[in-house]
Each structure stands twice: as C-alpha cells, then as structure tokens.
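Shown next: coords21.cif, containing mmCIF, C-alpha atoms.
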```cif
data_structure
loop_
_atom_site.label_atom_id
_atom_site.label_comp_id
_atom_site.auth_asym_id
_atom_site.auth_seq_id
_atom_site.Cartn_x
_atom_site.Cartn_y
_atom_site.Cartn_z
CA MET X 1 50.12 -45.35 45.11
CA PRO X 2 47.86 -45.20 48.21
CA ASN X 3 49.35 -44.12 51.49
CA SER X 4 49.90 -46.92 53.95
CA PRO X 5 48.09 -46.77 57.31
CA SER X 6 49.88 -44.61 59.87
CA LYS X 7 50.31 -45.06 63.59
CA HIS X 8 47.64 -42.38 64.14
CA PRO X 9 44.09 -43.73 63.83
CA ILE X 10 41.88 -41.99 61.30
CA THR X 11 38.76 -40.82 63.13
CA ALA X 12 35.45 -39.34 62.06
CA SER X 13 36.22 -36.02 63.72
CA MET X 14 39.55 -35.90 61.85
CA LEU X 15 37.77 -36.28 58.51
CA TYR X 16 35.19 -33.66 59.50
CA ASP X 17 37.98 -31.18 60.22
CA LEU X 18 39.84 -32.12 57.04
CA VAL X 19 36.89 -31.14 54.82
CA THR X 20 36.88 -27.70 56.42
CA CYS X 21 40.63 -27.21 56.91
CA PRO X 22 43.30 -29.86 56.20
CA HIS X 23 45.81 -27.90 58.27
CA ARG X 24 43.64 -28.38 61.36
CA VAL X 25 44.46 -32.11 61.13
CA THR X 26 48.18 -31.35 60.98
CA MET X 27 47.99 -29.01 63.96
CA ASP X 28 45.98 -31.44 66.07
CA LEU X 29 48.47 -34.23 65.41
CA PHE X 30 51.81 -32.47 65.51
CA ALA X 31 51.65 -28.89 66.82
CA ASN X 32 52.80 -27.87 70.28
CA PRO X 33 49.75 -28.21 72.57
CA GLU X 34 50.87 -25.10 74.43
CA GLU X 35 50.06 -23.06 71.34
CA ARG X 36 46.39 -24.02 71.49
CA ASP X 37 43.84 -21.36 72.36
CA ASN X 38 41.14 -22.10 74.88
CA ALA X 39 37.90 -23.19 73.25
CA SER X 40 35.65 -20.18 72.70
CA PRO X 41 32.45 -19.86 74.77
CA PHE X 42 30.47 -20.47 71.59
CA VAL X 43 32.28 -23.75 70.86
CA GLN X 44 31.82 -24.84 74.48
CA LEU X 45 28.11 -24.07 74.13
CA LEU X 46 27.98 -26.22 71.00
CA TRP X 47 29.60 -29.11 72.87
CA GLU X 48 27.24 -28.80 75.80
CA ARG X 49 24.16 -28.43 73.63
CA GLY X 50 25.28 -31.34 71.45
CA ALA X 51 25.49 -33.66 74.45
CA VAL X 52 22.06 -32.54 75.65
CA ARG X 53 20.65 -32.92 72.16
CA GLU X 54 21.83 -36.51 71.90
CA ARG X 55 20.07 -37.38 75.16
CA GLU X 56 16.87 -35.63 74.04
CA VAL X 57 16.74 -37.53 70.76
CA VAL X 58 17.41 -40.93 72.31
CA ALA X 59 14.77 -40.25 74.97
CA VAL X 60 12.01 -39.71 72.40
CA LEU X 61 12.91 -42.54 70.02
CA GLY X 62 10.37 -44.77 71.68
CA ARG X 63 12.60 -47.82 71.25
CA ALA X 64 14.63 -49.91 73.64
CA PHE X 65 18.35 -49.34 73.20
CA VAL X 66 21.68 -50.37 74.63
CA ASP X 67 23.37 -47.35 76.25
CA LEU X 68 27.16 -47.53 76.01
CA SER X 69 27.77 -43.80 76.35
CA THR X 70 29.28 -44.08 79.84
CA TYR X 71 32.04 -46.46 78.76
CA VAL X 72 35.35 -45.43 77.20
CA GLY X 73 38.12 -46.88 75.07
CA ALA X 74 38.54 -50.61 74.65
CA GLU X 75 35.71 -51.38 77.09
CA LYS X 76 33.25 -49.34 75.02
CA GLU X 77 34.41 -51.09 71.85
CA ARG X 78 34.19 -54.56 73.36
CA ARG X 79 30.64 -53.95 74.54
CA THR X 80 29.68 -52.55 71.13
CA ILE X 81 30.85 -55.69 69.34
CA GLU X 82 29.07 -57.87 71.88
CA ALA X 83 25.84 -55.89 71.39
CA MET X 84 26.01 -56.30 67.61
CA ASN X 85 26.73 -60.02 67.99
CA ARG X 86 23.58 -60.23 70.15
CA SER X 87 21.65 -58.43 67.37
CA GLU X 88 20.53 -55.58 69.63
CA LEU X 89 18.13 -53.34 67.72
CA LEU X 90 19.68 -50.00 68.69
CA ILE X 91 23.05 -49.11 70.24
CA PHE X 92 23.74 -45.63 71.61
CA GLY X 93 27.26 -44.29 72.20
CA GLY X 94 29.22 -47.20 70.77
CA ARG X 95 32.73 -47.46 69.37
CA ILE X 96 33.96 -49.45 66.36
CA SER X 97 37.35 -49.84 64.68
CA SER X 98 39.13 -51.76 61.95
CA ASP X 99 42.73 -51.45 60.80
CA ASP X 100 43.59 -47.75 61.21
CA LEU X 101 39.97 -46.56 61.23
CA LEU X 102 38.23 -45.58 64.47
CA GLY X 103 34.69 -44.30 64.88
CA GLN X 104 32.22 -43.51 67.65
CA PRO X 105 28.82 -43.21 65.97
CA ASP X 106 26.02 -41.85 68.12
CA LEU X 107 23.73 -44.67 66.97
CA LEU X 108 24.05 -48.12 65.44
CA ARG X 109 20.70 -49.40 64.18
CA LYS X 110 19.92 -52.99 63.22
CA GLU X 111 18.50 -53.35 59.71
CA GLY X 112 18.06 -56.83 58.31
CA THR X 113 21.13 -58.86 59.18
CA GLY X 114 23.45 -55.93 59.75
CA TYR X 115 23.76 -52.37 61.06
CA ILE X 116 23.81 -48.84 59.73
CA ALA X 117 25.34 -45.93 61.62
CA GLY X 118 23.78 -42.60 62.51
CA ASP X 119 24.80 -39.32 64.10
CA ILE X 120 22.71 -36.83 66.04
CA LYS X 121 23.41 -33.27 64.90
CA SER X 122 22.37 -29.91 66.29
CA GLY X 123 22.44 -28.40 62.79
CA ALA X 124 20.51 -29.12 59.62
CA GLY X 125 20.96 -32.56 58.08
CA GLU X 126 21.41 -31.09 54.61
CA GLU X 127 22.44 -27.80 53.05
CA GLY X 128 21.13 -25.60 50.27
CA GLY X 129 17.47 -26.66 50.38
CA ASN X 130 14.32 -24.56 50.59
CA ASP X 131 10.58 -25.00 51.06
CA ASP X 132 10.21 -26.49 47.57
CA SER X 133 13.21 -28.80 47.37
CA ASP X 134 15.47 -30.92 49.52
CA GLY X 135 19.05 -29.87 50.10
CA LYS X 136 22.24 -31.80 49.44
CA PRO X 137 24.14 -33.93 51.95
CA LYS X 138 26.74 -32.05 53.95
CA LYS X 139 30.24 -33.15 53.03
CA GLN X 140 31.45 -32.87 56.65
CA TYR X 141 28.69 -35.21 57.81
CA ALA X 142 29.10 -37.51 54.82
CA VAL X 143 32.77 -38.32 55.44
CA GLN X 144 32.05 -39.12 59.08
CA LEU X 145 29.15 -41.42 58.23
CA ALA X 146 31.13 -43.04 55.42
CA LEU X 147 33.94 -43.89 57.84
CA TYR X 148 31.48 -45.64 60.18
CA THR X 149 30.00 -47.48 57.19
CA ASP X 150 33.45 -48.54 56.00
CA ILE X 151 34.30 -49.93 59.44
CA LEU X 152 31.02 -51.86 59.62
CA GLU X 153 31.75 -53.38 56.21
CA ARG X 154 35.25 -54.44 57.30
CA LEU X 155 33.82 -55.97 60.48
CA GLY X 156 31.14 -57.88 58.56
CA HIS X 157 28.31 -56.04 60.35
CA SER X 158 27.10 -53.75 57.56
CA ALA X 159 23.48 -53.65 56.39
CA GLY X 160 24.44 -51.68 53.28
CA ARG X 161 26.37 -48.63 52.19
CA ARG X 162 24.09 -46.05 53.81
CA ALA X 163 23.79 -44.12 57.06
CA PHE X 164 21.60 -41.40 58.59
CA VAL X 165 21.56 -38.12 60.46
CA TRP X 166 19.03 -37.09 63.10
CA TYR X 167 19.10 -33.33 62.88
CA VAL X 168 17.82 -30.31 64.77
CA ARG X 169 14.19 -30.69 63.70
CA GLY X 170 14.03 -34.20 65.05
CA GLN X 171 13.91 -35.88 61.65
CA GLU X 172 16.04 -38.38 59.80
CA VAL X 173 18.06 -37.64 56.68
CA VAL X 174 19.44 -40.68 54.84
CA TYR X 175 22.96 -40.61 53.40
CA ASP X 176 23.03 -43.29 50.72
CA PHE X 177 26.55 -44.02 49.43
CA SER X 178 25.48 -46.76 47.01
CA THR X 179 25.98 -46.47 43.25
CA GLN X 180 22.22 -46.17 42.79
CA ALA X 181 22.05 -42.98 44.86
CA ASN X 182 22.94 -40.51 42.07
CA HIS X 183 24.94 -37.56 43.44
CA GLN X 184 25.16 -39.11 46.92
CA SER X 185 27.29 -41.95 45.54
CA GLU X 186 29.94 -39.33 44.75
CA LEU X 187 30.31 -38.82 48.48
CA TRP X 188 31.89 -42.26 48.83
CA SER X 189 34.59 -41.16 46.40
CA LEU X 190 35.02 -37.99 48.44
CA TYR X 191 35.40 -40.11 51.57
CA LYS X 192 38.09 -42.27 49.97
CA GLU X 193 40.00 -39.16 48.84
CA CYS X 194 39.77 -37.63 52.32
CA LEU X 195 40.82 -40.91 53.91
CA GLU X 196 43.99 -41.08 51.81
CA GLN X 197 44.73 -37.41 52.48
CA ALA X 198 44.28 -37.93 56.23
CA ARG X 199 46.60 -40.93 56.13
CA GLY X 200 49.15 -38.86 54.27
CA ILE X 201 48.96 -36.08 56.84
CA ALA X 202 49.18 -38.55 59.72
CA SER X 203 52.24 -40.23 58.20
CA ARG X 204 53.75 -36.82 57.38
CA THR X 205 53.98 -37.60 53.67
CA VAL X 206 51.42 -34.89 52.90
CA LYS X 207 52.23 -31.34 53.96
CA THR X 208 49.56 -28.71 54.63
CA LEU X 209 49.62 -24.95 55.01
CA PRO X 210 47.37 -22.71 57.10
CA ALA X 211 44.86 -20.58 55.22
CA TYR X 212 42.62 -17.85 56.57
CA SER X 213 38.84 -18.27 56.42
CA SER X 214 36.53 -15.72 58.01
CA SER X 215 33.83 -18.35 58.49
CA THR X 216 35.84 -21.04 60.28
CA CYS X 217 39.10 -19.76 61.73
CA LYS X 218 37.93 -17.61 64.63
CA ASN X 219 36.40 -20.51 66.55
CA CYS X 220 39.40 -22.79 66.02
CA VAL X 221 41.77 -23.54 68.90
CA TRP X 222 44.73 -22.95 66.56
CA TYR X 223 43.57 -19.50 65.45
CA THR X 224 46.34 -17.53 67.17
CA ALA X 225 49.10 -19.89 66.03
CA CYS X 226 47.92 -19.92 62.42
CA ILE X 227 47.33 -16.17 62.21
CA ARG X 228 50.84 -15.60 63.52
CA HIS X 229 52.22 -17.80 60.71
CA LEU X 230 50.01 -16.22 58.03
CA GLU X 231 50.97 -12.67 58.99
CA ALA X 232 54.67 -13.52 59.16
CA SER X 233 54.56 -15.04 55.66
CA ASN X 234 52.26 -12.29 54.31
CA ASP X 235 50.01 -15.08 53.09
CA LEU X 236 47.64 -14.46 50.19
CA THR X 237 44.62 -15.82 52.05
CA LEU X 238 44.66 -12.68 54.19
CA ILE X 239 43.22 -10.97 51.11
CA PRO X 240 39.42 -11.06 51.62
CA GLU X 241 37.68 -13.79 49.58
CA LEU X 242 40.89 -15.17 48.09
CA GLY X 243 40.86 -18.36 50.19
CA ARG X 244 42.84 -21.60 50.21
CA SER X 245 41.94 -23.01 46.78
CA ARG X 246 42.63 -19.74 44.95
CA ARG X 247 45.83 -19.22 46.93
CA ASP X 248 47.00 -22.68 45.89
CA ALA X 249 46.05 -21.98 42.26
CA ILE X 250 48.15 -18.81 41.98
CA SER X 251 50.95 -19.56 44.45
CA SER X 252 53.31 -20.83 41.73
CA ARG X 253 53.47 -17.27 40.35
CA VAL X 254 52.53 -15.15 43.34
CA GLY X 255 54.18 -15.78 46.71
CA SER X 256 52.85 -13.08 49.04
CA ILE X 257 50.57 -10.08 49.31
CA ARG X 258 53.50 -7.65 48.96
CA GLU X 259 54.78 -9.48 45.89
CA PHE X 260 51.28 -9.48 44.40
CA ALA X 261 50.82 -5.76 45.06
CA ALA X 262 54.09 -4.91 43.24
CA MET X 263 53.34 -7.06 40.17
CA ASP X 264 52.19 -6.07 36.72
CA ILE X 265 49.42 -8.65 36.29
CA SER X 266 48.75 -7.97 32.60
CA SER X 267 50.87 -10.99 31.59
CA LEU X 268 48.65 -13.22 33.72
CA ILE X 269 45.43 -12.19 32.00
CA GLN X 270 44.11 -13.90 28.87
CA GLY X 271 40.94 -12.18 27.74
CA PRO X 272 38.22 -12.78 30.33
CA ASN X 273 40.36 -15.51 31.97
CA THR X 274 43.81 -15.83 33.52
CA VAL X 275 46.63 -18.34 33.44
CA PHE X 276 45.27 -19.72 36.70
CA PRO X 277 42.50 -22.36 36.51
CA GLY X 278 39.22 -21.15 37.98
CA VAL X 279 40.38 -17.52 38.40
CA ARG X 280 38.78 -15.02 36.02
CA ALA X 281 40.46 -11.79 35.01
CA SER X 282 37.99 -9.59 36.89
CA MET X 283 38.59 -11.65 40.03
CA LEU X 284 42.38 -11.40 39.75
CA GLU X 285 42.13 -7.64 39.20
CA LYS X 286 39.98 -7.30 42.30
CA PHE X 287 42.43 -9.30 44.41
CA HIS X 288 45.33 -7.27 42.98
CA GLU X 289 43.68 -4.02 44.07
CA ARG X 290 43.07 -5.44 47.54
CA ALA X 291 46.72 -6.55 47.77
CA LYS X 292 47.84 -3.00 46.96
CA LEU X 293 45.47 -1.59 49.56
CA LEU X 294 46.71 -4.00 52.23
CA SER X 295 50.35 -3.24 51.39
CA ALA X 296 49.98 0.54 51.47
CA GLU X 297 50.95 2.32 54.69
CA ASP X 298 47.94 4.63 54.47
CA GLY X 299 45.55 2.27 52.71
CA LYS X 300 41.92 3.31 53.04
CA PRO X 301 38.65 2.09 51.54
CA TYR X 302 37.57 3.85 48.36
CA LEU X 303 34.62 3.86 45.99
CA HIS X 304 34.80 2.55 42.43
CA ILE X 305 31.75 4.55 41.42
CA ALA X 306 29.70 7.29 43.00
CA VAL X 307 27.07 6.02 45.40
CA THR X 308 23.74 7.77 45.76
CA LEU X 309 21.57 6.44 48.55
CA PRO X 310 17.84 6.80 47.91
CA VAL X 311 15.87 9.17 50.09
CA ALA X 312 12.62 7.84 51.48
CA GLU X 313 10.01 9.45 53.66
CA ARG X 314 9.70 6.23 55.66
CA GLU X 315 12.50 3.71 56.23
CA LEU X 316 12.34 0.29 57.89
CA PHE X 317 15.39 -1.50 59.31
CA PHE X 318 14.64 -5.18 59.85
CA ASP X 319 16.50 -7.63 62.10
CA ILE X 320 15.97 -11.36 62.74
CA GLU X 321 17.57 -13.31 65.58
CA VAL X 322 17.67 -17.12 65.65
CA ASP X 323 18.90 -19.76 68.07
CA PRO X 324 20.41 -22.21 65.52
CA LEU X 325 20.90 -24.92 68.14
CA ARG X 326 17.13 -25.20 68.52
CA ASP X 327 16.15 -24.03 65.01
CA PHE X 328 14.10 -21.33 66.69
CA CYS X 329 13.56 -17.75 65.51
CA TYR X 330 12.82 -15.71 68.62
CA LEU X 331 12.88 -12.10 67.35
CA HIS X 332 11.60 -10.03 64.44
CA GLY X 333 12.57 -6.44 65.10
CA PHE X 334 11.83 -3.25 63.15
CA ILE X 335 13.19 0.27 63.48
CA GLU X 336 11.07 2.85 61.71
CA ARG X 337 12.60 6.19 60.77
CA ARG X 338 10.96 9.13 58.99
CA SER X 339 12.56 11.75 56.75
CA GLY X 340 16.05 10.57 57.67
CA ASN X 341 15.67 12.01 61.14
CA ASN X 342 17.07 9.76 63.87
CA GLN X 343 14.91 11.51 66.44
CA THR X 344 11.85 9.91 64.83
CA GLU X 345 13.12 6.33 65.27
CA ARG X 346 10.63 3.87 66.70
CA PHE X 347 11.41 0.24 67.58
CA VAL X 348 8.74 -2.43 67.12
CA SER X 349 9.54 -6.04 68.04
CA PHE X 350 7.86 -9.42 67.92
CA PHE X 351 9.57 -11.53 70.56
CA ALA X 352 8.93 -15.16 71.49
CA GLU X 353 9.20 -15.78 75.22
CA ALA X 354 9.51 -19.56 74.75
CA PRO X 355 9.87 -22.05 71.87
CA LEU X 356 6.68 -23.08 70.18
CA LEU X 357 6.27 -26.84 70.32
CA LYS X 358 6.09 -28.41 66.89
CA PRO X 359 3.12 -30.65 66.05
CA LYS X 360 3.98 -34.32 66.23
CA ASN X 361 2.88 -34.95 62.65
CA GLU X 362 5.21 -32.37 61.14
CA HIS X 363 7.11 -33.90 58.23
CA SER X 364 8.86 -30.93 56.65
CA ARG X 365 12.37 -31.73 55.41
CA THR X 366 13.43 -28.11 55.05
CA PRO X 367 16.88 -27.62 56.56
CA SER X 368 17.16 -25.07 59.34
CA THR X 369 18.53 -21.65 58.51
CA THR X 370 20.41 -19.28 60.73
CA CYS X 371 19.09 -15.78 60.10
CA SER X 372 20.81 -12.92 61.82
CA GLY X 373 21.23 -9.75 59.90
CA HIS X 374 20.06 -6.23 59.24
CA ASN X 375 18.06 -5.36 56.16
CA ARG X 376 16.73 -2.09 54.96
CA ALA X 377 13.42 -1.78 53.15
#
```
Please render this file's structure as structure tokens.
Amino acid sequence: MPNSPSKHPITASMLYDLVTCPHRVTMDLFANPEERDNASPFVQLLWERGAVREREVVAVLGRAFVDLSTYVGAEKERRTIEAMNRSELLIFGGRISSDDLLGQPDLLRKEGTGYIAGDIKSGAGEEGGNDDSDGKPKKQYAVQLALYTDILERLGHSAGRRAFVWYVRGQEVVYDFSTQANHQSELWSLYKECLEQARGIASRTVKTLPAYSSSTCKNCVWYTACIRHLEASNDLTLIPELGRSRRDAISSRVGSIREFAAMDISSLIQGPNTVFPGVRASMLEKFHERAKLLSAEDGKPYLHIAVTLPVAERELFFDIEVDPLRDFCYLHGFIERRSGNNQTERFVSFFAEAPLLKPKNEHSRTPSTTCSGHNRA
C-alpha cells in the first residue's frame, strides 16, 4: 500500500540525494544539525559555479523571460503561477508545488498550451556516451525533472511528460518520460519508486542505514557522523567495493567485518555463485580476504601472484587535467624517463592559458568527461 504524504515536502533535491544515498535524506530530515560538517571547498565551488552557470545560460538564450530568481517562498510560487496563467514563454527561477511535492525548476518553457520544466547543469546531460553514440539519461537528473513534470500535470499546466537539461556544453538534452520513449519511459517508474521511498523516509516508516562510498561520501556534510557510525558497527561497506547493495544482500548472514573474517564461507558458495543474489563466488572470496586483512592487527597488502614490471629503454608518464565545471581540458603533461634512471626525467607539457571558445554551430552531443589520471606508456 503506498505511503501517505508526510508533513515534510518531497523536493527535487531530496530525490536527487536519494538516488545517490537514501540515508542522506534521513540525515537531512532528522539528524542533529550540530553533527553536520561544513561544506567542503569543492562543494562550495560547485554551488558558486552553478549559480554563475545559470546566469550565463539564461543570458545567451536570446529570448525574453520572466526572472523570478530573486523571490523566495510563497511569493516566488505565486508569481510563477501568475506567469504561467499569463502564458509567458519562459520563466526563470520559479517555484511550483502540489500536495506534498515541491519543486524549483531553473526554467519553465511554454510549449503549445502548457509548460515543460528544465534544469541548468554544470555537468554532462547524459552519462556513458562517446563520440559515436549518445549516452543515457542520468537517474539523479531524471527524478528531479520527473517531479517537476508531475507537479505541472497536477496543476493542469503540463505540455507533456517530458523535460530537458541544459548542460555544460550549452546544449539541450531531452528527458522524455512518455511510454513511447523506450528506455527513458522506465525513468518515470524509477521516479514513482523514489517518490514512495522518500515519503516513507519522511514519515519514518522506512528506515535507512549509512553505507560507505568512496565516490560520494567525502563531500557529504554528514561524512563524519556516518563514518563514526560505520566504524562503531564494523559495517561491511568499509570493505572496498562491497557497497550498499551487496551489504544489504549478504547482511542476513553476515553482520560485520569481524564476523565475516571469522566465517567459513564454503557453505555460502554454490559452484560459481553464492546463496546471495548478484554475488558471485569469486567476489565473495575476494571480500572475505579483505575482511580478514582489515580485521588483522598487522594486516598488510600482499600479492596473489608474482609481478614482473617490464623494462623499457624509454618510458612516458602521461597526465591530463580537466576543469569539469567548464568541460575544459587545460593540461596534457608528459614525463619522459630513460633506462629507469630518475635523473634522466624530462617534463613536457601542453598547457592552455585560457579556454578556447567553441564555434557557434557546434552540435556535438558527446557528454563531457572528467579526465585526471596518470598513465604509463
């Protein structure tokens, strides 16, 4: 039976966080604010750049628009409804709500007799694409856009079940939630699932647990509070690559890292698979070894097989640095070394002093990629 609306409004940012970490929603709603960390400099930079980016995009749209970005709360929402009733072509910085849903889309654009919502993003509008094929919609973006679309439908102002993202390259990516949109229509089902989960969390009928993720946790304001809980409970997600979904899959039989390390896992293995859905035997064995290493007082890294590094007369170490907020690669750097002698190292760089302006007729839909790493050739 669906959860009933709670006293906490379900917002687009809440759904965005839920896709990445459901426990973030719980912490934001119910945790002690004094346990919050200060936002990291990187996150603050993202906020600042995001605000600037929105202004830059609106400035180059070449269309008249209603600017509601300076208003807040009920006043912003009242003016948004009035602007839609007047059939304004473009509304920037509005606010819409219906029942327990609340959204603040960057843009509301008139199409036909209704509106579709859009967000301006500093990242790529899709993920997983390359020069030869388009990527797939980002789930975090999709649930936000779906919430705006749902509200517009409830208000009777919708032009259809679709929305759009203006992303870092200054181009539009359409998110079509209609049944004719193939895999994108599945995103509407994802939105409905996330909406019910968010309502459950907000009404405290759904409980969440923290889980460690190397890609998302360190920039979260609840990092210290969650790590403290995870370490105290010896949580399985502290095992590298185990993660929330695998932790949840095996938690009925394995409660902690120490317990896992002390287990004989042979009874859990069934040929190439295990008793846990989605966890293969080789994967469970790897996690078991890591649990033992983490539980040992003198645990140290070790090799499974002998490693022989090739010897080359000439070695190249290659590094790329990118500003992802502007989709701009500003450095290709090479270190050349001969005969394994560090004294022979020579650094050669190709550095861009300023961004190269893109031609106005550029129509590439390739998502931006953050490249920052060290490769050896």
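Closest to Trp166 of chain X among X:Ala249, X:Val58, X:Ile239, X:Leu102 is X:Val58, based on only C-alpha atoms.
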field: Distance in Å - atom CA of Ser245 of chain X versus atom CA of Phe276 of chain X
entry: 11.1 Å
- request: Find the residues around segment 69-77 of chain X up to 12 Å (only C-alpha atoms counted), leave out those fewer than 2 positions away in its own chain, and share them as JSON, numbers by chain.
  value: {"X": [51, 54, 55, 58, 65, 66, 67, 79, 80, 81, 82, 83, 84, 91, 92, 93, 94, 95, 96, 97, 98, 102, 103, 104, 105, 106, 107]}
- request: For atom CA of Glu35 of chain X and atom CA of Ser214 of chain X, quote the distance in Å rounded to one decimal.
  value: 20.4 Å
Surrounding residues of Lys7 of chain X excluding itself and chain neighbours under 3 positions, 8 Å, all atoms listed in the file, as a list of chain:residue names: X:Asp100, X:Ala202, X:Ser203
Selection to disk with C-alpha atoms, as a PDB file, keeping the file's coordinate frame:
```
ATOM      1  CA  ASP X 100      43.590 -47.750  61.210  1.00  0.00           C
ATOM      2  CA  ALA X 202      49.180 -38.550  59.720  1.00  0.00           C
ATOM      3  CA  SER X 203      52.240 -40.230  58.200  1.00  0.00           C
TER       4      SER X 203
END
```
message: With distances taken over all atoms listed in the file, which residue among X:Ile305, X:Leu90, X:Val348, X:Leu15 lies nearest Leu145 of chain X?
response: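 Result for the nearest residue to Leu145 of chain X: X:Leu15.
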field: Distance query Ala225 of chain X at most 9 Å, only C-alpha atoms, self and fewer than 3 positions along chain excluded, as a PyMOL selection string
entry: chain X and resi 35-37+221-222+228-230
Would you mind exporting C-alpha atoms of the selected residues as a PDB file, in the frame of the given file?
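Contents of part_10.pdb, freshly written:
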```pdb
ATOM      1  CA  GLU X  35      50.060 -23.060  71.340  1.00  0.00           C
ATOM      2  CA  ARG X  36      46.390 -24.020  71.490  1.00  0.00           C
ATOM      3  CA  ASP X  37      43.840 -21.360  72.360  1.00  0.00           C
ATOM      4  CA  VAL X 221      41.770 -23.540  68.900  1.00  0.00           C
ATOM      5  CA  TRP X 222      44.730 -22.950  66.560  1.00  0.00           C
ATOM      6  CA  ARG X 228      50.840 -15.600  63.520  1.00  0.00           C
ATOM      7  CA  HIS X 229      52.220 -17.800  60.710  1.00  0.00           C
ATOM      8  CA  LEU X 230      50.010 -16.220  58.030  1.00  0.00           C
TER       9      LEU X 230
END
```
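Residue membership of the PyMOL selection byres ((chain X and resi 293) around 12) in the shown file amounts to Ile239, Pro240, Ile257, Arg258, Phe260, Ala261, Ala262, Lys286, Phe287, His288, Glu289, Arg290, Ala291, Lys292, Leu294, Ser295, Ala296, Glu297, Asp298, Gly299, Lys300, Pro301 and Tyr302 of chain X.
For the atom pair formed by atom CA of Phe30 of chain X and atom CA of Asn219 of chain X, the distance is 19.5 Å, given to one decimal.
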Please expand the PyMOL selection byres ((chain X and resi 309-319) around 12) into the concrete residues it hits in this file, giving the result as a JSON list (two decimals) with C-alpha atoms, in the coordinates of the input.
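What follows is the written file result14.json:
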```
[["chain", "number", "residue", "atom", "x", "y", "z"],
["X", 306, "ALA", "CA", 29.70, 7.29, 43.00],
["X", 307, "VAL", "CA", 27.07, 6.02, 45.40],
["X", 308, "THR", "CA", 23.74, 7.77, 45.76],
["X", 320, "ILE", "CA", 15.97, -11.36, 62.74],
["X", 321, "GLU", "CA", 17.57, -13.31, 65.58],
["X", 322, "VAL", "CA", 17.67, -17.12, 65.65],
["X", 329, "CYS", "CA", 13.56, -17.75, 65.51],
["X", 330, "TYR", "CA", 12.82, -15.71, 68.62],
["X", 331, "LEU", "CA", 12.88, -12.10, 67.35],
["X", 332, "HIS", "CA", 11.60, -10.03, 64.44],
["X", 333, "GLY", "CA", 12.57, -6.44, 65.10],
["X", 334, "PHE", "CA", 11.83, -3.25, 63.15],
["X", 335, "ILE", "CA", 13.19, 0.27, 63.48],
["X", 336, "GLU", "CA", 11.07, 2.85, 61.71],
["X", 337, "ARG", "CA", 12.60, 6.19, 60.77],
["X", 338, "ARG", "CA", 10.96, 9.13, 58.99],
["X", 339, "SER", "CA", 12.56, 11.75, 56.75],
["X", 340, "GLY", "CA", 16.05, 10.57, 57.67],
["X", 341, "ASN", "CA", 15.67, 12.01, 61.14],
["X", 342, "ASN", "CA", 17.07, 9.76, 63.87],
["X", 344, "THR", "CA", 11.85, 9.91, 64.83],
["X", 345, "GLU", "CA", 13.12, 6.33, 65.27],
["X", 346, "ARG", "CA", 10.63, 3.87, 66.70],
["X", 347, "PHE", "CA", 11.41, 0.24, 67.58],
["X", 348, "VAL", "CA", 8.74, -2.43, 67.12],
["X", 349, "SER", "CA", 9.54, -6.04, 68.04],
["X", 350, "PHE", "CA", 7.86, -9.42, 67.92],
["X", 351, "PHE", "CA", 9.57, -11.53, 70.56],
["X", 371, "CYS", "CA", 19.09, -15.78, 60.10],
["X", 372, "SER", "CA", 20.81, -12.92, 61.82],
["X", 373, "GLY", "CA", 21.23, -9.75, 59.90],
["X", 374, "HIS", "CA", 20.06, -6.23, 59.24],
["X", 375, "ASN", "CA", 18.06, -5.36, 56.16],
["X", 376, "ARG", "CA", 16.73, -2.09, 54.96],
["X", 377, "ALA", "CA", 13.42, -1.78, 53.15]]
```
- request: Could you expand the PyMOL selection byres ((chain X and resi 89) around 6) into the explicit residues it covers here, written as a PyMOL selection string?
  value: chain X and resi 88+90+109-110
Expected axis-aligned box over every listed atom of segment 210-223 of chain X, 8 Å added per side, centre plus edges in Å to one decimal, as lines of an AutoDock Vina configuration file:
```
center_x = 40.6
center_y = -19.6
center_z = 62.1
size_x = 29.5
size_y = 23.8
size_z = 29.7
```
- line: Residue with the minimum atom-to-atom distance to Asp28 of chain X, picked from X:Cys217, X:Ile201, X:Ile227, X:Leu238 with only C-alpha atoms counted, is X:Ile201
Output segment 156-169 of chain X from the block with N, CA and C atoms, as a PDB file, in the first residue's frame?
```pdb
ATOM      1  N   GLY X 156      -2.358  21.180 -13.902  1.00  0.00           N
ATOM      2  CA  GLY X 156      -3.026  21.416 -15.176  1.00  0.00           C
ATOM      3  C   GLY X 156      -2.246  22.323 -16.106  1.00  0.00           C
ATOM      4  N   HIS X 157      -0.918  22.396 -15.934  1.00  0.00           N
ATOM      5  CA  HIS X 157      -0.082  23.261 -16.764  1.00  0.00           C
ATOM      6  C   HIS X 157       0.937  22.475 -17.582  1.00  0.00           C
ATOM      7  N   SER X 158       0.769  21.178 -17.711  1.00  0.00           N
ATOM      8  CA  SER X 158       1.772  20.359 -18.382  1.00  0.00           C
ATOM      9  C   SER X 158       1.575  20.329 -19.893  1.00  0.00           C
ATOM     10  N   ALA X 159       2.694  20.406 -20.625  1.00  0.00           N
ATOM     11  CA  ALA X 159       2.660  20.277 -22.082  1.00  0.00           C
ATOM     12  C   ALA X 159       2.997  18.851 -22.516  1.00  0.00           C
ATOM     13  N   GLY X 160       3.153  17.958 -21.568  1.00  0.00           N
ATOM     14  CA  GLY X 160       3.503  16.574 -21.894  1.00  0.00           C
ATOM     15  C   GLY X 160       4.511  16.029 -20.894  1.00  0.00           C
ATOM     16  N   ARG X 161       4.633  14.742 -20.880  1.00  0.00           N
ATOM     17  CA  ARG X 161       5.520  14.095 -19.903  1.00  0.00           C
ATOM     18  C   ARG X 161       6.959  14.093 -20.424  1.00  0.00           C
ATOM     19  N   ARG X 162       7.563  15.249 -20.455  1.00  0.00           N
ATOM     20  CA  ARG X 162       8.948  15.402 -20.888  1.00  0.00           C
ATOM     21  C   ARG X 162       9.538  16.650 -20.227  1.00  0.00           C
ATOM     22  N   ALA X 163      10.860  16.714 -20.233  1.00  0.00           N
ATOM     23  CA  ALA X 163      11.575  17.840 -19.634  1.00  0.00           C
ATOM     24  C   ALA X 163      12.928  17.938 -20.330  1.00  0.00           C
ATOM     25  N   PHE X 164      13.798  18.830 -19.860  1.00  0.00           N
ATOM     26  CA  PHE X 164      15.088  18.995 -20.541  1.00  0.00           C
ATOM     27  C   PHE X 164      16.162  19.468 -19.573  1.00  0.00           C
ATOM     28  N   VAL X 165      17.396  19.227 -19.986  1.00  0.00           N
ATOM     29  CA  VAL X 165      18.570  19.700 -19.261  1.00  0.00           C
ATOM     30  C   VAL X 165      19.413  20.529 -20.219  1.00  0.00           C
ATOM     31  N   TRP X 166      19.824  21.713 -19.752  1.00  0.00           N
ATOM     32  CA  TRP X 166      20.864  22.483 -20.440  1.00  0.00           C
ATOM     33  C   TRP X 166      22.151  22.187 -19.694  1.00  0.00           C
ATOM     34  N   TYR X 167      23.111  21.552 -20.398  1.00  0.00           N
ATOM     35  CA  TYR X 167      24.286  21.097 -19.687  1.00  0.00           C
ATOM     36  C   TYR X 167      25.526  21.898 -20.068  1.00  0.00           C
ATOM     37  N   VAL X 168      26.677  21.432 -19.574  1.00  0.00           N
ATOM     38  CA  VAL X 168      27.897  22.233 -19.577  1.00  0.00           C
ATOM     39  C   VAL X 168      28.305  22.713 -20.967  1.00  0.00           C
ATOM     40  N   ARG X 169      27.982  21.979 -22.008  1.00  0.00           N
ATOM     41  CA  ARG X 169      28.366  22.392 -23.355  1.00  0.00           C
ATOM     42  C   ARG X 169      27.351  23.342 -23.992  1.00  0.00           C
TER      43      ARG X 169
END
```
